[in-house]
Amino acid sequence: MTQPAMDVSAGAPTRSYPLYLRDIAGVAAILVAGAAGYWLFPDNLALLTRIIAVALLVLSLDLITGYCGVASLGQATLFGAGAYAVGFACVHGGVTEPLTLMLIGAVAGATAGLAMGAIMLRAHGLAQLVLSIAIVQLGHEAANKFTGYTGGSDGLAGLSVNPLFGVFEFDLWGRTAYLFGLALLVVVFALLRVVVSSPFGVLCRGVRQDPVRVKAMGAFVFPVILKMFVISGAVAGLGGALAAISTQVVGLDSISFELSANALVMLVLGGLGTLYGALVGTVIFMAFEHVVSAINPFHWLTMVGALLVAVVLVAPGGLVNLAGKVGGIGRSKGSKP
Amino acid sequence: MPGCGCEAASPTALHGLAVFMQTTLSIATDAFAYGMVLFIISIGLSLTMGLMRVVNLAHGAFAMIGGYIASYITRDLGWGYVPAILLGVAGTIIIAAPFERLLFRRIYGKPELLQVLMTIGITFCVIGVTNYFFGPTLKTIPLPDILTRPVDIGFRTIAAHRLFVMACGVGVAAALWFLIEKTGFGIKLRAAVDNAAMTDALGVRTPVVYAIAFAVAVGLAAFGGIIGAEFLPVEPYYALRYMVLFLVVVSVGGAGSILGTLVACLALGAVDTVGRYLMPDFGNFFFYAAVIAIVFAFPRGFFGRAQ
């Protein structure tokens, strides 16, 4: 059963000021950070766009892991489903309108989320984790072997996308892609805030804390979590679609165990069960990766490993909760590392 | 690997049958040997998971450490295969001991997600550090002459190494069965599995039992990593690449069950080997499809205990 030690992110803080103020501040913070990135690193917009795409993946993982308590090491399946769906539609289907492509990515991700949730929710604990790994590996093998459609290990190249709204062309420096991604992230983030603070979101948190009790209160657990899987799939699919459109290529790494594991690391680094944690974790992790792995990939691996161990020992609630605790503004948490 | 049905275009039906038989036998021996390697490595993981309820993703890392030590001893020091196995196993246990004392003890009884994260972290560290010291190349462990010769077993010949691996697997299974079912230590171990608090109260020092069980598990991982290097080559990303495989085996077999792990290893070894022989391009595809089907049908594994 769920243990109190995990209960570091129980959400819904009680505060004197209305919650939406915090959300407005959060959205404003994302916009400011995004604009700062745009002005400070004009040569690295491709990397920043990649960060946004991965941030969507990590947000989607947060929905099922942080809010529903379903640990997954296969979340990249949904990301890859979105990316490859966009790739197929664009290269083989001749769809070039960017917003239609995003919609295709979201639908493909949601469909994959439905299938993945239906399979994963059959098991619990370790078996569930293994199922998630097996699913992403199966997807990876499929993408690798059906070279006629996916390009195999060379990737599915040659996506040519029309200008956004017919006006803004996806330029070489990735300005359009970045700003489009930023807008997408803000919209998705705002929608997800609504979702997780809705009765449905609160019910999901209830399932995470004590599924038996939720059942006893008369709610059906399976459809609730499955619904969250679908939402999560749509978000991850959008991330994959953004990655595909901005880089104009869909690589095998978009549906891989490594990406799934990294997403989980980012999420836990930032903090489970808070959408802010997912964003903070993604940005910190990918920025560090960019700097350190350029020096030596194995040093990077050692560092991530040490970081993970440290997070588990020192801050099992992630950096967001740690900052809250240090700053004295968070609730007192029941966790003992 | 001999005979892949390449001579299938032969004129007589009798010859075709002989080729078919030979292919089947080749597949069967390879599958059995491969399954035994999986078993030796995974049974340790199954024990730690069943006993200490720790999802130890770092298990493959310990197998990798064993492989690296053995490779260093045989290739760089020029010592024999037997000292390589003994020192590899001992060295891995010595390296793993501080991990158990300092890190694993803190995550006993913690939520699975935290265990997964910490053990993935340890795996990453081990990969990074090993490659810093030994370089990012494939490490071979040269076999002694006696194991490279084919052995005649009456109706056909098999590589001696395959026989050796099979014998080791059977030996490990028997020894573990004896240890757990027939010795005083086994009684304490089973008691700690069933009810750790009560066992503690009866005067059994469960931390010591845990530490010994952990050492046995790690030692088996190293042993399997060394003698299985022909099947699972020792390379930089070994710990990550095969981590999934070991986890899959344990979850299919049911954590803590020797019989379950044995059955799972033989079944998955067979699926994998048959897939590789008959459809080399789609081998892994069938493997993971089989895993999903099995876990879906038996969410607790073949012989897992109800939690």
# chains A, B, ... in the order shown; residues from 1 in each chain; ligands from 1
>>> closest_atom_pairs(of="chain B", to="chain A", cutoff="8 Å", atoms="only C-alpha atoms", output="tab-separated table")
residue	atom	partner	partner_atom	distance
B:Val55	CA	A:Leu126	CA	7.3
B:Arg106	CA	A:Leu313	CA	8.0
B:Lys110	CA	A:Ala5	CA	7.4
B:Pro111	CA	A:Met6	CA	6.7
B:Glu112	CA	A:Gly125	CA	7.2
B:Leu113	CA	A:Ala71	CA	6.5
B:Leu114	CA	A:Val312	CA	6.2
B:Leu117	CA	A:Leu308	CA	6.4
B:Met118	CA	A:Val309	CA	4.9
B:Thr119	CA	A:Val309	CA	7.8
B:Ile120	CA	A:Gly305	CA	7.0
B:Gly121	CA	A:Gly305	CA	3.6
B:Ile122	CA	A:Gly305	CA	5.7
B:Thr123	CA	A:Gly305	CA	7.0
B:Phe124	CA	A:Gly305	CA	4.7
B:Cys125	CA	A:Thr302	CA	4.1
B:Val126	CA	A:Thr302	CA	7.3
B:Ile127	CA	A:Thr302	CA	7.2
B:Gly128	CA	A:Phe298	CA	4.6
B:Val129	CA	A:Thr302	CA	6.5
B:Asn131	CA	A:Phe298	CA	6.9
B:Tyr132	CA	A:Phe298	CA	7.1
B:Val244	CA	A:Ile133	CA	7.3
B:Leu247	CA	A:Val130	CA	6.8
B:Val248	CA	A:Val130	CA	6.0
B:Ser251	CA	A:Ala127	CA	5.5
B:Val252	CA	A:Ala127	CA	7.8
B:Asp281	CA	A:Lys145	CA	7.3
B:Phe282	CA	A:Lys145	CA	7.3
B:Asn284	CA	A:Glu141	CA	6.9
B:Phe285	CA	A:Glu141	CA	5.8
B:Tyr288	CA	A:Ala134	CA	5.4
B:Ala289	CA	A:Leu138	CA	6.8
B:Val291	CA	A:Ala134	CA	6.8
B:Ile292	CA	A:Leu131	CA	6.0
B:Val295	CA	A:Ala127	CA	6.7
B:Phe296	CA	A:Arg122	CA	6.5
B:Pro299	CA	A:Ala123	CA	5.0
B:Arg300	CA	A:Ala127	CA	7.0
B:Gly301	CA	A:Ala127	CA	7.9
>>> residues_around(residues="region 97-112 of chain A", least_positions_apart="5", cutoff="9 Å", atoms="only C-alpha atoms", output="ChimeraX atom specification")
/A:77-87,89-90,117,161-166,229-242,245
>>> write_last_selection(atoms="C-alpha atoms", output="JSON list (two decimals), in the first residue's frame")
[["chain", "number", "residue", "atom", "x", "y", "z"],
["A", 77, "THR", "CA", 6.38, 5.34, -25.81],
["A", 78, "LEU", "CA", 3.78, 8.11, -25.80],
["A", 79, "PHE", "CA", 6.31, 10.75, -26.82],
["A", 80, "GLY", "CA", 7.50, 8.54, -29.66],
["A", 81, "ALA", "CA", 3.94, 7.74, -30.72],
["A", 82, "GLY", "CA", 3.28, 11.44, -31.15],
["A", 83, "ALA", "CA", 6.57, 12.05, -32.95],
["A", 84, "TYR", "CA", 6.21, 9.12, -35.35],
["A", 85, "ALA", "CA", 2.55, 9.88, -36.04],
["A", 86, "VAL", "CA", 3.55, 13.39, -37.08],
["A", 87, "GLY", "CA", 6.39, 11.96, -39.13],
["A", 89, "ALA", "CA", 1.44, 12.16, -41.55],
["A", 90, "CYS", "CA", 3.98, 14.62, -42.89],
["A", 117, "GLY", "CA", -2.68, 2.34, -19.50],
["A", 161, "VAL", "CA", 6.21, 21.86, -42.54],
["A", 162, "ASN", "CA", 4.25, 24.83, -43.81],
["A", 163, "PRO", "CA", 4.61, 28.22, -42.15],
["A", 164, "LEU", "CA", 2.68, 28.58, -38.91],
["A", 165, "PHE", "CA", -0.71, 30.29, -39.58],
["A", 166, "GLY", "CA", 0.61, 30.60, -43.14],
["A", 229, "PHE", "CA", -3.23, 7.97, -18.95],
["A", 230, "VAL", "CA", -5.10, 9.34, -21.96],
["A", 231, "ILE", "CA", -4.51, 12.95, -20.90],
["A", 232, "SER", "CA", -0.90, 12.14, -20.17],
["A", 233, "GLY", "CA", -0.57, 10.52, -23.58],
["A", 234, "ALA", "CA", -1.96, 13.60, -25.30],
["A", 235, "VAL", "CA", 0.57, 15.84, -23.51],
["A", 236, "ALA", "CA", 3.48, 13.52, -24.28],
["A", 237, "GLY", "CA", 2.27, 13.25, -27.87],
["A", 238, "LEU", "CA", 2.32, 17.05, -28.17],
["A", 239, "GLY", "CA", 5.90, 16.98, -26.89],
["A", 240, "GLY", "CA", 6.84, 14.40, -29.51],
["A", 241, "ALA", "CA", 5.07, 16.37, -32.22],
["A", 242, "LEU", "CA", 6.91, 19.54, -31.22],
["A", 245, "ILE", "CA", 8.31, 19.57, -36.24]]
>>> atom_distance(atom1="CA of Pro233 (chain B)", atom2="CA of Thr74 (chain B)")
15.3 Å
>>> atom_distance(atom1="CA of Ile141 (chain B)", atom2="CA of Ser46 (chain B)")
26.1 Å
>>> atom_distance(atom1="CA of Ala278 (chain A)", atom2="CA of Ala263 (chain A)")
9.1 Å
>>> residues_around(residues="Ile93 (chain B)", least_positions_apart="5", cutoff="7 Å", atoms="only C-alpha atoms", output="PDB file with N, CA, C and O atoms, in the first residue's frame")
ATOM      1  N   ALA B 215      25.145 -10.576  -0.012  1.00  0.00           N
ATOM      2  CA  ALA B 215      26.455 -11.000  -0.513  1.00  0.00           C
ATOM      3  C   ALA B 215      26.301 -12.193  -1.449  1.00  0.00           C
ATOM      4  O   ALA B 215      26.936 -12.251  -2.510  1.00  0.00           O
ATOM      5  N   VAL B 218      24.908 -10.911  -4.755  1.00  0.00           N
ATOM      6  CA  VAL B 218      25.897 -10.190  -5.552  1.00  0.00           C
ATOM      7  C   VAL B 218      26.937 -11.154  -6.108  1.00  0.00           C
ATOM      8  O   VAL B 218      27.347 -11.054  -7.276  1.00  0.00           O
ATOM      9  N   GLY B 219      27.350 -12.113  -5.269  1.00  0.00           N
ATOM     10  CA  GLY B 219      28.324 -13.103  -5.727  1.00  0.00           C
ATOM     11  C   GLY B 219      27.798 -13.885  -6.918  1.00  0.00           C
ATOM     12  O   GLY B 219      28.512 -14.109  -7.899  1.00  0.00           O
TER      13      GLY B 219
END
>>> residues_around(residues="Ala33 (chain A)", least_positions_apart="2", cutoff="12 Å", atoms="only C-alpha atoms", output="mmCIF file with all heavy atoms, in the first residue's frame")
data_model
loop_
_atom_site.group_PDB
_atom_site.id
_atom_site.type_symbol
_atom_site.label_atom_id
_atom_site.label_comp_id
_atom_site.auth_asym_id
_atom_site.auth_seq_id
_atom_site.Cartn_x
_atom_site.Cartn_y
_atom_site.Cartn_z
ATOM 1 N N GLY A 26 2.888 31.522 -11.808
ATOM 2 C CA GLY A 26 3.642 30.434 -12.423
ATOM 3 C C GLY A 26 3.745 30.608 -13.925
ATOM 4 O O GLY A 26 4.828 30.502 -14.509
ATOM 5 N N VAL A 27 2.611 30.896 -14.560
ATOM 6 C CA VAL A 27 2.615 31.093 -16.010
ATOM 7 C C VAL A 27 3.501 32.274 -16.381
ATOM 8 O O VAL A 27 4.296 32.209 -17.331
ATOM 9 C CB VAL A 27 1.165 31.311 -16.517
ATOM 10 C CG1 VAL A 27 1.185 31.806 -17.945
ATOM 11 C CG2 VAL A 27 0.379 30.022 -16.414
ATOM 12 N N ALA A 28 3.398 33.353 -15.569
ATOM 13 C CA ALA A 28 4.245 34.518 -15.829
ATOM 14 C C ALA A 28 5.707 34.141 -15.719
ATOM 15 O O ALA A 28 6.544 34.551 -16.539
ATOM 16 C CB ALA A 28 3.897 35.639 -14.851
ATOM 17 N N ALA A 29 6.044 33.313 -14.719
ATOM 18 C CA ALA A 29 7.432 32.906 -14.535
ATOM 19 C C ALA A 29 7.926 32.111 -15.738
ATOM 20 O O ALA A 29 9.055 32.315 -16.214
ATOM 21 C CB ALA A 29 7.565 32.064 -13.265
ATOM 22 N N ILE A 30 7.065 31.221 -16.272
ATOM 23 C CA ILE A 30 7.471 30.452 -17.456
ATOM 24 C C ILE A 30 7.729 31.400 -18.624
ATOM 25 O O ILE A 30 8.733 31.268 -19.337
ATOM 26 C CB ILE A 30 6.374 29.441 -17.854
ATOM 27 C CG1 ILE A 30 6.155 28.434 -16.734
ATOM 28 C CG2 ILE A 30 6.732 28.733 -19.143
ATOM 29 C CD1 ILE A 30 5.015 27.491 -17.014
ATOM 30 N N LEU A 31 6.814 32.383 -18.790
ATOM 31 C CA LEU A 31 6.978 33.325 -19.908
ATOM 32 C C LEU A 31 8.267 34.112 -19.765
ATOM 33 O O LEU A 31 9.024 34.290 -20.729
ATOM 34 C CB LEU A 31 5.769 34.260 -19.973
ATOM 35 C CG LEU A 31 4.526 33.633 -20.592
ATOM 36 C CD1 LEU A 31 3.345 34.564 -20.488
ATOM 37 C CD2 LEU A 31 4.801 33.278 -22.060
ATOM 38 N N ALA A 35 11.311 33.957 -22.312
ATOM 39 C CA ALA A 35 11.795 35.158 -23.014
ATOM 40 C C ALA A 35 13.276 35.365 -22.720
ATOM 41 O O ALA A 35 14.060 35.704 -23.620
ATOM 42 C CB ALA A 35 10.985 36.364 -22.580
ATOM 43 N N ALA A 36 13.665 35.125 -21.449
ATOM 44 C CA ALA A 36 15.072 35.284 -21.091
ATOM 45 C C ALA A 36 15.926 34.330 -21.920
ATOM 46 O O ALA A 36 16.985 34.707 -22.433
ATOM 47 C CB ALA A 36 15.259 35.010 -19.595
ATOM 48 N N GLY A 37 15.436 33.071 -22.059
ATOM 49 C CA GLY A 37 16.177 32.106 -22.863
ATOM 50 C C GLY A 37 16.325 32.593 -24.296
ATOM 51 O O GLY A 37 17.382 32.459 -24.910
ATOM 52 N N TYR A 38 15.243 33.189 -24.799
ATOM 53 C CA TYR A 38 15.242 33.657 -26.185
ATOM 54 C C TYR A 38 16.293 34.741 -26.392
ATOM 55 O O TYR A 38 17.013 34.751 -27.388
ATOM 56 C CB TYR A 38 13.859 34.194 -26.530
ATOM 57 C CG TYR A 38 13.681 34.585 -27.966
ATOM 58 C CD1 TYR A 38 13.475 33.614 -28.934
ATOM 59 C CD2 TYR A 38 13.706 35.917 -28.352
ATOM 60 C CE1 TYR A 38 13.306 33.958 -30.256
ATOM 61 C CE2 TYR A 38 13.540 36.274 -29.679
ATOM 62 C CZ TYR A 38 13.340 35.299 -30.628
ATOM 63 O OH TYR A 38 13.180 35.634 -31.937
ATOM 64 N N TRP A 39 16.402 35.668 -25.440
ATOM 65 C CA TRP A 39 17.345 36.775 -25.612
ATOM 66 C C TRP A 39 18.769 36.382 -25.237
ATOM 67 O O TRP A 39 19.730 36.847 -25.828
ATOM 68 C CB TRP A 39 16.909 37.987 -24.783
ATOM 69 C CG TRP A 39 15.604 38.550 -25.258
ATOM 70 C CD1 TRP A 39 14.433 38.595 -24.572
ATOM 71 C CD2 TRP A 39 15.334 39.104 -26.547
ATOM 72 N NE1 TRP A 39 13.443 39.135 -25.337
ATOM 73 C CE2 TRP A 39 13.965 39.464 -26.556
ATOM 74 C CE3 TRP A 39 16.108 39.325 -27.700
ATOM 75 C CZ2 TRP A 39 13.363 40.029 -27.664
ATOM 76 C CZ3 TRP A 39 15.495 39.893 -28.793
ATOM 77 C CH2 TRP A 39 14.130 40.236 -28.777
ATOM 78 N N LEU A 40 18.908 35.508 -24.210
ATOM 79 C CA LEU A 40 20.249 35.188 -23.708
ATOM 80 C C LEU A 40 20.968 34.173 -24.591
ATOM 81 O O LEU A 40 22.180 34.235 -24.751
ATOM 82 C CB LEU A 40 20.170 34.652 -22.284
ATOM 83 C CG LEU A 40 19.752 35.667 -21.221
ATOM 84 C CD1 LEU A 40 19.658 35.008 -19.864
ATOM 85 C CD2 LEU A 40 20.748 36.828 -21.184
ATOM 86 N N PHE A 41 20.231 33.207 -25.133
ATOM 87 C CA PHE A 41 20.883 32.137 -25.895
ATOM 88 C C PHE A 41 20.321 32.061 -27.304
ATOM 89 O O PHE A 41 19.758 31.040 -27.703
ATOM 90 C CB PHE A 41 20.692 30.787 -25.203
ATOM 91 C CG PHE A 41 21.103 30.778 -23.764
ATOM 92 C CD1 PHE A 41 20.157 30.788 -22.758
ATOM 93 C CD2 PHE A 41 22.452 30.764 -23.421
ATOM 94 C CE1 PHE A 41 20.541 30.778 -21.436
ATOM 95 C CE2 PHE A 41 22.835 30.752 -22.102
ATOM 96 C CZ PHE A 41 21.878 30.755 -21.101
ATOM 97 N N LEU A 48 16.891 24.769 -26.644
ATOM 98 C CA LEU A 48 15.794 25.245 -25.792
ATOM 99 C C LEU A 48 14.466 24.638 -26.230
ATOM 100 O O LEU A 48 13.635 24.280 -25.405
ATOM 101 C CB LEU A 48 15.730 26.771 -25.825
ATOM 102 C CG LEU A 48 16.942 27.502 -25.229
ATOM 103 C CD1 LEU A 48 16.711 29.003 -25.218
ATOM 104 C CD2 LEU A 48 17.245 27.024 -23.829
ATOM 105 N N ILE A 52 11.840 22.232 -24.155
ATOM 106 C CA ILE A 52 10.388 22.382 -24.021
ATOM 107 C C ILE A 52 9.683 21.079 -24.371
ATOM 108 O O ILE A 52 8.770 20.634 -23.673
ATOM 109 C CB ILE A 52 9.886 23.525 -24.925
ATOM 110 C CG1 ILE A 52 10.400 24.862 -24.391
ATOM 111 C CG2 ILE A 52 8.369 23.535 -24.993
ATOM 112 C CD1 ILE A 52 9.996 26.045 -25.227
ATOM 113 N N LEU A 182 7.081 27.491 -26.805
ATOM 114 C CA LEU A 182 6.851 28.190 -25.536
ATOM 115 C C LEU A 182 5.357 28.456 -25.335
ATOM 116 O O LEU A 182 4.810 28.208 -24.249
ATOM 117 C CB LEU A 182 7.637 29.507 -25.532
ATOM 118 C CG LEU A 182 7.690 30.251 -24.203
ATOM 119 C CD1 LEU A 182 8.367 29.386 -23.153
ATOM 120 C CD2 LEU A 182 8.441 31.568 -24.362
ATOM 121 N N VAL A 186 2.957 26.936 -22.345
ATOM 122 C CA VAL A 186 2.151 27.753 -21.445
ATOM 123 C C VAL A 186 0.696 27.298 -21.471
ATOM 124 O O VAL A 186 0.058 27.113 -20.422
ATOM 125 C CB VAL A 186 2.271 29.246 -21.824
ATOM 126 C CG1 VAL A 186 1.215 30.061 -21.103
ATOM 127 C CG2 VAL A 186 3.653 29.752 -21.488
ATOM 128 N N LEU A 279 8.896 21.003 -14.512
ATOM 129 C CA LEU A 279 9.587 21.991 -15.359
ATOM 130 C C LEU A 279 10.984 22.284 -14.830
ATOM 131 O O LEU A 279 11.962 22.286 -15.580
ATOM 132 C CB LEU A 279 8.766 23.286 -15.421
ATOM 133 C CG LEU A 279 7.387 23.156 -16.057
ATOM 134 C CD1 LEU A 279 6.729 24.518 -16.148
ATOM 135 C CD2 LEU A 279 7.494 22.540 -17.438
ATOM 136 N N VAL A 280 11.065 22.522 -13.503
ATOM 137 C CA VAL A 280 12.364 22.847 -12.914
ATOM 138 C C VAL A 280 13.351 21.708 -13.145
ATOM 139 O O VAL A 280 14.499 21.927 -13.579
ATOM 140 C CB VAL A 280 12.189 23.121 -11.397
ATOM 141 C CG1 VAL A 280 13.537 23.240 -10.719
ATOM 142 C CG2 VAL A 280 11.373 24.380 -11.182
ATOM 143 N N VAL A 283 14.591 21.528 -16.835
ATOM 144 C CA VAL A 283 15.519 22.584 -17.234
ATOM 145 C C VAL A 283 16.892 22.345 -16.610
ATOM 146 O O VAL A 283 17.927 22.378 -17.300
ATOM 147 C CB VAL A 283 14.964 23.965 -16.825
ATOM 148 C CG1 VAL A 283 16.016 25.036 -17.045
ATOM 149 C CG2 VAL A 283 13.712 24.270 -17.618
#
>>> select_by_dssp(residues="region 14-260 of chain B", states="helix (DSSP H, G or I)", output="NGL selection string")
:B and (14-52 or 59-76 or 81-107 or 112-134 or 145-148 or 160-182 or 184-194 or 196-201 or 206-227 or 238-253 or 258-260)
>>> select_by_dssp(residues="region 38-268 of chain B", states="strand (DSSP E or B)", output="list in words")
Lys139, Pro150, Val151, Asp152, Thr157, Ile158, Ala159 and Val234 of chain B
>>> write_last_selection(atoms="C-alpha atoms", output="PDB file, in the first residue's frame")
ATOM      1  CA  LYS B 139      36.027  -6.734 -22.583  1.00  0.00           C
ATOM      2  CA  PRO B 150      33.753 -29.543 -28.549  1.00  0.00           C
ATOM      3  CA  VAL B 151      32.594 -32.441 -26.424  1.00  0.00           C
ATOM      4  CA  ASP B 152      31.041 -35.599 -27.873  1.00  0.00           C
ATOM      5  CA  THR B 157      28.957 -32.653 -30.122  1.00  0.00           C
ATOM      6  CA  ILE B 158      28.475 -29.559 -28.020  1.00  0.00           C
ATOM      7  CA  ALA B 159      30.905 -26.810 -27.116  1.00  0.00           C
ATOM      8  CA  VAL B 234      30.874  -7.475 -21.025  1.00  0.00           C
TER       9      VAL B 234
END
>>> residues_around(residues="Met64 (chain B)", least_positions_apart="4", cutoff="9 Å", atoms="only C-alpha atoms", output="PyMOL selection string")
chain B and resi 59-60+68-69+126-127+221-222+225-226+234-239
>>> write_last_selection(atoms="N, CA and C atoms", output="mmCIF file, in the first residue's frame")
data_model
loop_
_atom_site.group_PDB
_atom_site.id
_atom_site.type_symbol
_atom_site.label_atom_id
_atom_site.label_comp_id
_atom_site.auth_asym_id
_atom_site.auth_seq_id
_atom_site.Cartn_x
_atom_site.Cartn_y
_atom_site.Cartn_z
ATOM 1 N N HIS B 59 21.589 -4.618 -9.998
ATOM 2 C CA HIS B 59 22.074 -5.997 -10.010
ATOM 3 C C HIS B 59 22.970 -6.263 -11.215
ATOM 4 N N GLY B 60 22.546 -5.782 -12.370
ATOM 5 C CA GLY B 60 23.362 -5.960 -13.565
ATOM 6 C C GLY B 60 24.711 -5.278 -13.436
ATOM 7 N N TYR B 68 34.287 -7.345 -15.453
ATOM 8 C CA TYR B 68 35.452 -6.488 -15.647
ATOM 9 C C TYR B 68 36.654 -7.007 -14.868
ATOM 10 N N ILE B 69 36.404 -7.415 -13.603
ATOM 11 C CA ILE B 69 37.522 -7.929 -12.799
ATOM 12 C C ILE B 69 38.091 -9.175 -13.460
ATOM 13 N N VAL B 126 28.263 3.281 -11.477
ATOM 14 C CA VAL B 126 29.150 2.150 -11.753
ATOM 15 C C VAL B 126 29.598 2.193 -13.213
ATOM 16 N N ILE B 127 28.655 2.469 -14.120
ATOM 17 C CA ILE B 127 29.019 2.535 -15.544
ATOM 18 C C ILE B 127 30.057 3.631 -15.777
ATOM 19 N N ALA B 221 25.559 -12.858 -9.021
ATOM 20 C CA ALA B 221 25.524 -11.944 -10.172
ATOM 21 C C ALA B 221 26.889 -11.922 -10.842
ATOM 22 N N ALA B 222 27.956 -11.769 -10.032
ATOM 23 C CA ALA B 222 29.303 -11.709 -10.590
ATOM 24 C C ALA B 222 29.651 -13.017 -11.286
ATOM 25 N N GLY B 225 27.871 -13.191 -14.467
ATOM 26 C CA GLY B 225 28.438 -12.230 -15.404
ATOM 27 C C GLY B 225 29.713 -12.760 -16.038
ATOM 28 N N ILE B 226 30.516 -13.490 -15.241
ATOM 29 C CA ILE B 226 31.796 -13.985 -15.763
ATOM 30 C C ILE B 226 31.580 -15.160 -16.704
ATOM 31 N N VAL B 234 30.591 -8.512 -22.015
ATOM 32 C CA VAL B 234 30.874 -7.475 -21.025
ATOM 33 C C VAL B 234 31.308 -6.215 -21.750
ATOM 34 N N GLU B 235 30.472 -5.198 -21.700
ATOM 35 C CA GLU B 235 30.791 -3.939 -22.372
ATOM 36 C C GLU B 235 30.286 -2.778 -21.527
ATOM 37 N N PRO B 236 30.634 -1.552 -21.903
ATOM 38 C CA PRO B 236 30.369 -0.425 -21.005
ATOM 39 C C PRO B 236 28.916 -0.306 -20.553
ATOM 40 N N TYR B 237 27.982 -0.536 -21.452
ATOM 41 C CA TYR B 237 26.591 -0.322 -21.074
ATOM 42 C C TYR B 237 25.899 -1.617 -20.643
ATOM 43 N N TYR B 238 26.721 -2.630 -20.335
ATOM 44 C CA TYR B 238 26.195 -3.926 -19.880
ATOM 45 C C TYR B 238 25.105 -3.745 -18.838
ATOM 46 N N ALA B 239 25.406 -2.941 -17.791
ATOM 47 C CA ALA B 239 24.498 -2.836 -16.646
ATOM 48 C C ALA B 239 23.138 -2.310 -17.063
#
